[in-house]
>>> print(open('data.txt').read())   # compact mmCIF, C-alpha atoms
# COMPACT_ATOMS: atom_id res chain seq x y z
CA MET A 21 120.10 120.11 70.73
CA LYS A 22 123.03 118.03 69.57
CA SER A 23 123.51 116.03 72.77
CA VAL A 24 120.50 114.04 74.02
CA LEU A 25 120.77 112.28 77.40
CA LEU A 26 118.48 109.26 77.85
CA TYR A 27 117.77 107.74 81.27
CA VAL A 28 117.99 103.96 80.88
CA ASN A 29 116.14 101.81 83.39
CA ASP A 30 114.06 98.65 83.14
CA ASP A 31 110.64 100.17 83.80
CA THR A 32 107.35 100.64 81.96
CA GLY A 33 108.43 103.97 80.49
CA LEU A 34 111.67 102.83 78.85
CA GLU A 35 110.20 102.14 75.40
CA ALA A 36 108.47 105.53 75.25
CA ARG A 37 111.63 107.31 76.44
CA LEU A 38 113.78 105.51 73.91
CA GLN A 39 111.48 106.27 70.99
CA ALA A 40 111.20 109.92 72.01
CA ALA A 41 114.96 110.23 72.43
CA LEU A 42 115.52 108.72 68.99
CA ASP A 43 113.00 111.11 67.42
CA VAL A 44 114.61 114.16 69.01
CA THR A 45 118.11 112.99 68.06
CA ARG A 46 117.09 112.45 64.44
CA ALA A 47 115.23 115.74 64.23
CA THR A 48 118.23 117.71 65.51
CA HIS A 49 120.92 115.56 63.83
CA GLY A 50 122.40 114.97 67.26
CA HIS A 51 124.04 112.27 69.36
CA LEU A 52 122.19 110.00 71.79
CA HIS A 53 123.89 109.32 75.12
CA CYS A 54 122.29 106.38 76.97
CA LEU A 55 122.91 106.48 80.73
CA ARG A 56 122.27 103.61 83.12
CA ALA A 57 122.50 104.80 86.75
CA ASN A 58 122.49 102.01 89.33
CA PRO A 59 123.34 102.72 93.01
CA TYR A 60 123.85 99.08 94.03
CA ASN A 61 127.40 97.96 94.83
CA PRO A 62 128.80 94.91 96.64
CA GLN A 63 128.08 95.75 100.25
CA MET A 64 130.05 94.96 103.37
CA ALA A 65 128.01 93.32 106.09
CA PHE A 66 128.83 92.27 109.67
CA ASP A 67 127.08 89.10 110.76
CA GLY A 68 128.33 89.08 114.36
CA VAL A 69 129.73 85.54 114.11
CA THR A 70 132.28 85.31 111.36
CA GLY A 71 133.02 89.01 111.47
CA MET A 72 132.64 90.36 107.97
CA SER A 73 131.26 88.96 104.74
CA VAL A 74 130.58 90.38 101.31
CA VAL A 75 127.07 90.17 99.94
CA TYR A 76 128.01 88.83 96.51
CA ASP A 77 124.54 87.59 95.62
CA VAL A 78 123.02 91.10 95.58
CA ALA A 79 125.90 92.42 93.50
CA LYS A 80 125.65 89.52 91.04
CA LEU A 81 121.90 89.93 90.69
CA THR A 82 122.16 93.62 89.87
CA ARG A 83 125.15 93.03 87.56
CA ASP A 84 123.23 90.40 85.62
CA ALA A 85 120.27 92.76 85.28
CA ASP A 86 122.54 95.57 84.08
CA GLU A 87 124.18 93.33 81.48
CA LYS A 88 120.81 92.12 80.19
CA LEU A 89 119.51 95.66 79.91
CA ARG A 90 122.64 96.86 78.12
CA ALA A 91 122.43 93.95 75.65
CA GLU A 92 118.81 94.82 74.91
CA ILE A 93 119.61 98.49 74.28
CA GLU A 94 122.64 97.67 72.13
CA SER A 95 120.56 95.25 70.08
CA ARG A 96 117.89 97.90 69.52
CA MET A 97 120.38 100.63 68.67
CA ALA A 98 122.17 98.45 66.12
CA ASP A 99 119.19 98.95 63.79
CA GLU A 100 118.85 102.69 64.35
CA ASP A 101 120.31 105.49 62.26
CA VAL A 102 121.65 107.78 64.99
CA PRO A 103 125.11 108.02 66.59
CA TRP A 104 124.99 106.82 70.19
CA ASP A 105 126.94 105.58 73.18
CA TYR A 106 126.10 103.74 76.40
CA GLN A 107 127.47 104.45 79.87
CA GLU A 108 126.92 102.88 83.29
CA VAL A 109 127.47 104.85 86.50
CA ASN A 110 127.29 103.78 90.12
CA ALA A 111 124.83 106.36 91.47
CA SER A 112 121.18 106.96 92.17
CA PRO A 113 119.18 108.00 89.07
CA ALA A 114 118.92 111.67 90.06
CA ARG A 115 122.58 111.95 91.07
CA GLY A 116 123.80 110.03 88.03
CA LEU A 117 121.80 112.19 85.64
CA ALA A 118 122.92 115.40 87.34
CA ARG A 119 126.60 114.40 87.32
CA ASN A 120 126.50 113.50 83.63
CA SER A 121 124.36 116.37 82.35
CA ALA A 122 126.95 119.15 82.07
CA LEU A 123 127.37 118.68 78.32
CA ALA A 124 123.81 117.56 77.54
CA ASP A 125 121.38 119.82 75.70
CA ILE A 126 118.27 117.92 76.84
CA MET A 127 117.55 114.83 78.93
CA VAL A 128 114.72 112.38 78.36
CA LEU A 129 112.78 111.21 81.41
CA SER A 130 109.38 109.62 81.98
CA SER A 131 106.36 111.33 83.44
CA ALA A 132 104.63 109.97 86.52
CA SER A 133 101.65 108.84 84.46
CA GLY A 134 102.41 105.13 84.08
CA ASP A 135 101.91 102.02 86.15
CA LYS A 136 101.94 103.26 89.75
CA ASP A 137 104.04 100.28 90.85
CA ASN A 138 106.69 100.73 88.17
CA VAL A 139 106.77 104.42 87.34
CA LEU A 140 109.49 107.04 87.62
CA PRO A 141 108.98 108.55 91.09
CA MET A 142 107.90 112.19 91.17
CA GLY A 143 110.85 112.90 93.48
CA ILE A 144 113.39 111.95 90.79
CA LEU A 145 111.86 114.43 88.35
CA GLY A 146 112.06 117.16 90.96
CA ASP A 147 115.61 116.30 92.02
CA VAL A 148 116.88 116.29 88.45
CA LEU A 149 115.21 119.57 87.50
CA PHE A 150 116.39 121.33 90.66
CA ASN A 151 119.98 120.09 90.45
CA THR A 152 120.71 120.65 86.76
CA ASN A 153 120.43 123.49 84.27
CA VAL A 154 119.39 121.09 81.52
CA PRO A 155 115.83 121.05 80.15
CA ALA A 156 113.97 117.75 80.32
CA LEU A 157 111.69 116.04 77.87
CA VAL A 158 109.12 114.41 80.16
CA GLN A 159 107.53 111.59 78.19
CA PRO A 160 104.23 109.85 79.03
CA ASP A 161 104.54 106.05 79.04
CA SER A 162 101.67 105.73 76.56
CA VAL A 163 103.26 107.98 73.88
CA LYS A 164 105.87 106.12 71.85
CA LYS A 165 107.09 109.07 69.78
CA PHE A 166 108.04 112.74 69.82
CA ASP A 167 106.65 114.68 66.87
CA ALA A 168 109.14 117.53 66.46
CA ALA A 169 107.29 118.69 63.33
CA GLY A 170 103.94 118.85 65.10
CA VAL A 171 102.12 121.66 66.90
CA ALA A 172 103.93 123.13 69.91
CA VAL A 173 102.08 124.76 72.81
CA VAL A 174 103.99 127.07 75.16
CA ALA A 175 102.43 127.45 78.62
CA TRP A 176 103.37 131.01 79.54
CA ASN A 177 102.96 132.71 82.93
CA GLY A 178 105.71 135.30 82.60
CA SER A 179 107.92 133.60 85.16
CA PHE A 180 111.66 133.03 85.24
CA GLU A 181 111.01 129.28 84.87
CA ALA A 182 108.79 129.79 81.82
CA GLY A 183 111.51 131.91 80.23
CA ASN A 184 114.12 129.21 80.83
CA ALA A 185 111.87 126.60 79.24
CA LEU A 186 111.11 128.79 76.23
CA ARG A 187 114.78 129.55 75.54
CA ALA A 188 115.72 125.89 75.91
CA ALA A 189 113.00 124.81 73.47
CA VAL A 190 113.98 127.16 70.63
CA PRO A 191 115.81 124.46 68.59
CA LEU A 192 112.67 122.31 68.67
CA LEU A 193 110.26 125.20 68.11
CA HIS A 194 112.12 125.93 64.86
CA LEU A 195 110.93 122.54 63.65
CA ALA A 196 107.29 122.87 64.76
CA SER A 197 104.50 123.31 62.21
CA ALA A 198 102.86 125.89 64.48
CA VAL A 199 103.67 127.49 67.84
CA HIS A 200 100.94 128.64 70.21
CA ILE A 201 101.66 130.68 73.34
CA LEU A 202 99.01 129.98 75.95
CA THR A 203 98.50 132.16 79.00
CA VAL A 204 95.88 131.56 81.68
CA ASP A 205 94.47 134.52 83.59
CA GLU A 206 95.08 133.85 87.27
CA ASP A 207 94.20 137.40 88.41
CA LYS A 208 97.85 138.32 88.87
CA ASP A 209 100.32 140.46 87.01
CA HIS A 210 102.81 138.63 84.81
CA ASP A 211 106.46 139.57 85.09
CA LEU A 212 106.64 139.32 81.31
CA PRO A 213 103.50 139.39 79.16
CA PRO A 214 102.92 136.77 76.46
CA LEU A 215 103.70 139.38 73.81
CA ALA A 216 107.28 139.50 75.13
CA ALA A 217 107.56 135.74 74.63
CA SER A 218 106.19 136.05 71.10
CA GLU A 219 108.61 138.86 70.26
CA TYR A 220 111.51 136.79 71.63
CA LEU A 221 110.58 133.90 69.35
CA SER A 222 110.24 136.23 66.37
CA ARG A 223 113.88 137.25 66.80
CA HIS A 224 114.72 133.59 66.24
CA GLY A 225 112.57 133.47 63.11
CA ILE A 226 109.71 131.64 64.84
CA THR A 227 106.14 132.80 64.28
CA SER A 228 103.73 132.27 67.16
CA GLU A 229 100.09 132.85 68.03
CA ILE A 230 98.97 134.05 71.48
CA HIS A 231 95.94 132.64 73.30
CA SER A 232 94.74 134.26 76.53
CA MET A 233 92.45 131.98 78.50
CA SER A 234 90.39 132.54 81.61
CA ALA A 235 90.82 130.14 84.52
CA LYS A 236 87.11 129.35 84.76
CA LYS A 237 87.59 125.60 84.82
CA PRO A 238 88.42 123.74 88.04
CA SER A 239 92.14 124.49 87.73
CA VAL A 240 94.84 126.08 85.61
CA GLU A 241 96.06 122.64 84.54
CA ALA A 242 92.54 121.74 83.34
CA VAL A 243 92.57 124.82 81.10
CA LEU A 244 96.02 123.92 79.78
CA LEU A 245 95.08 120.33 79.02
CA SER A 246 91.80 121.18 77.29
CA THR A 247 93.50 123.86 75.18
CA VAL A 248 96.34 121.54 74.17
CA GLU A 249 93.71 119.05 73.02
CA ALA A 250 91.75 121.71 71.11
CA LEU A 251 94.92 122.92 69.36
CA HIS A 252 95.98 119.34 68.56
CA GLY A 253 99.25 119.99 70.35
CA SER A 254 102.05 117.46 69.90
CA TYR A 255 103.95 118.68 72.96
CA MET A 256 103.92 121.45 75.54
CA VAL A 257 106.72 123.72 76.76
CA MET A 258 106.49 124.89 80.38
CA GLY A 259 108.45 126.11 83.37
CA ALA A 260 108.54 123.67 86.28
CA TYR A 261 108.12 124.24 90.01
CA GLY A 262 107.34 127.94 90.08
CA HIS A 263 106.48 127.43 93.76
CA SER A 264 108.58 125.50 96.26
CA ARG A 265 108.63 121.73 95.80
CA ALA A 266 107.42 121.28 99.37
CA ARG A 267 104.34 123.38 98.68
CA GLU A 268 103.65 121.52 95.43
CA PHE A 269 104.02 118.16 97.16
CA LEU A 270 101.70 119.05 100.06
CA PHE A 271 99.06 121.05 98.25
CA GLY A 272 99.44 120.04 94.64
CA GLY A 273 100.42 122.33 91.81
CA VAL A 274 100.42 122.75 88.06
CA THR A 275 103.81 121.04 87.66
CA ARG A 276 102.87 118.04 89.77
CA SER A 277 99.49 117.65 88.07
CA LEU A 278 100.88 117.84 84.54
CA PHE A 279 103.70 115.40 85.32
CA ARG A 280 100.95 112.97 86.28
CA ASP A 281 98.12 113.75 83.86
CA CYS A 282 99.44 115.41 80.69
CA PRO A 283 98.80 113.13 77.67
CA VAL A 284 101.47 114.79 75.50
CA PRO A 285 105.24 115.15 76.06
CA LEU A 286 106.45 118.12 78.11
CA ILE A 287 109.59 120.20 77.56
CA VAL A 288 110.29 121.57 81.02
CA SER A 289 112.95 123.62 82.76
CA HIS A 290 113.35 125.05 86.24
>>> encode(input="data.txt", output="structure tokens")
Amino acid sequence: MKSVLLYVNDDTGLEARLQAALDVTRATHGHLHCLRANPYNPQMAFDGVTGMSVVYDVAKLTRDADEKLRAEIESRMADEDVPWDYQEVNASPARGLARNSALADIMVLSSASGDKDNVLPMGILGDVLFNTNVPALVQPDSVKKFDAAGVAVVAWNGSFEAGNALRAAVPLLHLASAVHILTVDEDKDHDLPPLAASEYLSRHGITSEIHSMSAKKPSVEAVLLSTVEALHGSYMVMGAYGHSRAREFLFGGVTRSLFRDCPVPLIVSH
């Protein structure tokens, strides 16, 4: 993971995202790419009297905010020990991240666990994951670090998405002090059993331990969260949106619940 893409925005999760991005970049000896995506441009407006006018005040307000944010990031990065760059694009967050992710190895986003009035919308997480092939580090606002040398927990259900997430996480799993593969019995056959995931990691020189849990608690996500806590997990690797996003939005789902409630960082891929 030599190219780390950080979503820059003035919200409650920025500090946690920045610290996590710095930790991952240091751990992998990579390069941090800071991306500010802002969709607001000077807009043309017809007032019906004078014909056409340009709304300069909106443009100036957003430009001032962008300049302040960039100055803050540049000031912070001046004291850090990682190579970095900063780019501004005129696009919505999801579109800007997708368009600039082709050469990124991982992108750093916030979870939906923070202040409900100033949190990264769930829809952005879904849009980014569905429109890119890049794994995401989904960081809770309350966690101001990413412990690459800590305990990694892999949530495994044998799905295509879980396989994508596991492959993407290999560079980080090499650095983990322990790797646990956790499968929850949902009374269905897995496409690939957890042993296959463990054997795949062994080919990369990564030793793992398998835990098979029964879904006796209120939900699969409850089992995952309690097990991560019991194992003292530093982060969890998981596939995202195994069901359609519409179904997850209407009826809930493991992905949606963990984006909101997981207390540790998530490495996710669709």
>>> closest_residue(input="data.txt", among="A:Ala156, A:Leu145, A:Leu244, A:Met258", to="Leu186 in chain A", atoms="only C-alpha atoms")
A:Met258
>>> residues_around(input="data.txt", residues="Asp167 in chain A", least_positions_apart="4", cutoff="12 Å", atoms="only C-alpha atoms", output="list in words")
Gln39, Ala40, Ala41, Leu42, Asp43, Val44, Thr45, Arg46, Ala47, Gln159, Val163, Val171, Ala172, Leu192, Leu193, Leu195, Ala196, Ser197, His252, Gly253, Ser254, Tyr255, Met256, Val284, Pro285 and Leu286 of chain A
>>> axis_aligned_box(input="data.txt", around="range 85-96 of chain A", padding_each_side="8 Å", output="AutoDock Vina command-line options")
--center_x 121.0 --center_y 95.3 --center_z 77.4 --size_x 22.3 --size_y 22.4 --size_z 31.8
>>> closest_residue(input="data.txt", among="A:Lys80, A:Lys22, A:Arg119, A:His231", to="Leu202 in chain A", atoms="all atoms listed in the file")
A:His231
>>> closest_residue(input="data.txt", among="A:Ala124, A:Ala250, A:Ala118, A:Leu38", to="Gly50 in chain A", atoms="all atoms listed in the file")
A:Ala124
